[in-house]
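Engineer: If you scroll down you'll find the structure; I have some questions about it.
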Amino acid sequence: MRVEIWSDIACPWCYVGKARFEKALAAFPHRDGVEVVHRSFELDPNRAKGDFGPVIPMLMGKYGMTEEQAREGERRLGENAAAEGLDYLTEGRDHGSTFDMHRVLHLAKERGRQDELIGLLYRANFAEERSVFEDEGRVVEVAVEAGLDADEVRAVLADHAKYAEDVRADEREAAELGANGVPFFVLDRKYGISGAQPAEVFTQALEQAWGERSPLTTLADAGEGDACGPDGCAVPQSG
């Protein structure tokens, strides 16, 4: 069975959702028969390379938040991340184009290191102070940590056309499947799950999808999980 996950490195709910899905997969009896493939989705596909800045002012300007609202949202996201055993910097992070990172992820897919790389990119973006947007060398370091060759990664970053069409193809397919936010999980092209659902929802979906043959069905009974879309990221509610 194949599970495809559309996500973006800049999406905090993708970071949390990956951890929740992996919790369900680890307990799934047929986990050795599940192939996980990560697909590209940019929350801000028109953002230029080199256009980066702090997260809090970006949230205030793009989504009309007050500074207090933006900081409270980040604090709650940090709490959700911590509940999954993830580190999360609620202050000091930056934000920028993820297109080049998606291109490198397609290289990693060819080399069999995609899952390792996306996990390390999430950690670098959400839990570490050094920017993956401002410093291209940081992306190279993270890719090497994931098992890729540094020179090969640098060559991809230098050739702006390399894997560009692969990224765009993933994004077109997401639109065709009706995904307008991420994370979006597609299980064996049978079931679609939107948002960072609880691990129990992923467990149910894995069990349902295993061995079944039917058109893609979005699990309505799961409701809309927390996700990021063009209009912003859902802010977790207290209590």
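Simple scheme: letters A, B, ... for chains in structure tokens order, numbers from 1 for residues in each chain, numbers from 1 for ligands in the order shown.
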Show me a table, sorted first by chain and then by increasing residue number, of the residues of segment 55-116 of chain A having an atom at most 9 Å from segment 165-172 of chain A, each with its shortest atom pair and the distance in Å to one decimal, counting only C-alpha atoms and written as CSV.
Structural biologist:
```
residue,atom,partner,partner_atom,distance
A:Phe99,CA,A:Val167,CA,7.8
A:His102,CA,A:Val167,CA,6.5
A:Arg103,CA,A:Val167,CA,6.5
A:His106,CA,A:Asp166,CA,7.3
```
Engineer: As JSON, numbers by chain, please: all residues of segment 40-200 of chain A that backbone DSSP puts in helix (DSSP H, G or I).
Structural biologist: {"A": [55, 56, 57, 58, 59, 60, 61, 62, 63, 67, 68, 69, 70, 71, 72, 73, 74, 75, 76, 77, 78, 79, 80, 81, 82, 83, 99, 100, 101, 102, 103, 104, 105, 106, 107, 108, 109, 110, 114, 115, 116, 117, 118, 119, 120, 121, 122, 123, 124, 125, 126, 127, 136, 137, 138, 139, 140, 141, 142, 143, 144, 145, 150, 151, 152, 153, 154, 155, 156, 157, 158, 164, 165, 166, 167, 168, 169, 170, 171, 172, 173, 174, 175, 176, 199, 200]}
Engineer: Hey, which of A:Ala209, A:Ala155, A:Cys228, A:Ala127 ends up closest to Leu86 of chain A? Count only C-alpha atoms.
Structural biologist: A:Ala127
Engineer: Do you know which residues are at most 7 Å from Gly229 of chain A counting only C-alpha atoms, after dropping those on the same chain fewer than 5 positions away, and could you put them as a ChimeraX atom specification?
Structural biologist: /A:43,180-182
Engineer: Between atom CA of Asp87 of chain A and atom CA of Glu152 of chain A, what is the distance, to one decimal in Å?
Structural biologist: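 According to the coordinates, atom CA of Asp87 of chain A and atom CA of Glu152 of chain A are separated by 29.5 Å.
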Engineer: Considering only C-alpha atoms, state which residue in the set A:Ala179, A:Met65, A:Leu59, A:Ala196 is at the smallest distance from Lys18 of chain A.
Structural biologist: A:Ala196
Engineer: Among segment 148-196 of chain A, which residues does DSSP mark as strand (DSSP E or B) when it is run on the backbone? Keep the chain and numbering as in the structure and answer as a list in words.
Structural biologist: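 These are the residues in question: Val182, Phe184, Phe185, Val186, Leu187, Tyr191, Gly192, Ile193 and Ser194 of chain A.
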Engineer: Just give me the gap between atom CA of Leu25 of chain A and atom CA of Gln208 of chain A in Å, one decimal is fine.
Structural biologist: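 Taking atom CA of Leu25 of chain A and atom CA of Gln208 of chain A, their separation equals 13.2 Å.
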Engineer: Using only C-alpha atoms, pick whichever of A:Asp100, A:Glu212, A:Asp151, A:Asp226 has the shortest atom-to-atom distance to Val16 of chain A.
Structural biologist: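 Closest to Val16 of chain A of all the choices is A:Asp226.
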Engineer: Skipping near chain neighbours, those fewer than 5 positions away, what residues fall within 9 Å of Phe21 of chain A using only C-alpha atoms, listed as a PyMOL selection string?
Structural biologist: chain A and resi 16+26+196-203
Engineer: I'd like the neighbourhood of segment 186-189 of chain A as a PyMOL selection string, where a residue qualifies if any of its atoms comes within 6 Å (using only C-alpha atoms), though same-chain residues fewer than 2 positions away should be ignored.
Structural biologist: chain A and resi 1-4+191-192+216
Engineer: Could the residues in this selection be written to a file with C-alpha atoms, as a JSON list (two decimals), in the first residue's frame?
Structural biologist:
```json
[["chain", "number", "residue", "atom", "x", "y", "z"],
["A", 1, "MET", "CA", 0.00, 0.00, 0.00],
["A", 2, "ARG", "CA", 1.22, 3.49, -0.83],
["A", 3, "VAL", "CA", 0.64, 6.57, 1.31],
["A", 4, "GLU", "CA", 1.29, 9.90, -0.39],
["A", 191, "TYR", "CA", -8.92, 7.54, 1.00],
["A", 192, "GLY", "CA", -7.92, 11.16, 1.51],
["A", 216, "LEU", "CA", -10.52, 8.25, -3.47]]
```
Engineer: Using only C-alpha atoms for the distances, tell me which of A:Arg154, A:Glu128, A:Leu148, A:Gly178 is nearest to Glu110 of chain A.
Structural biologist: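 For Glu110 of chain A, the nearest of the candidates is A:Leu148.
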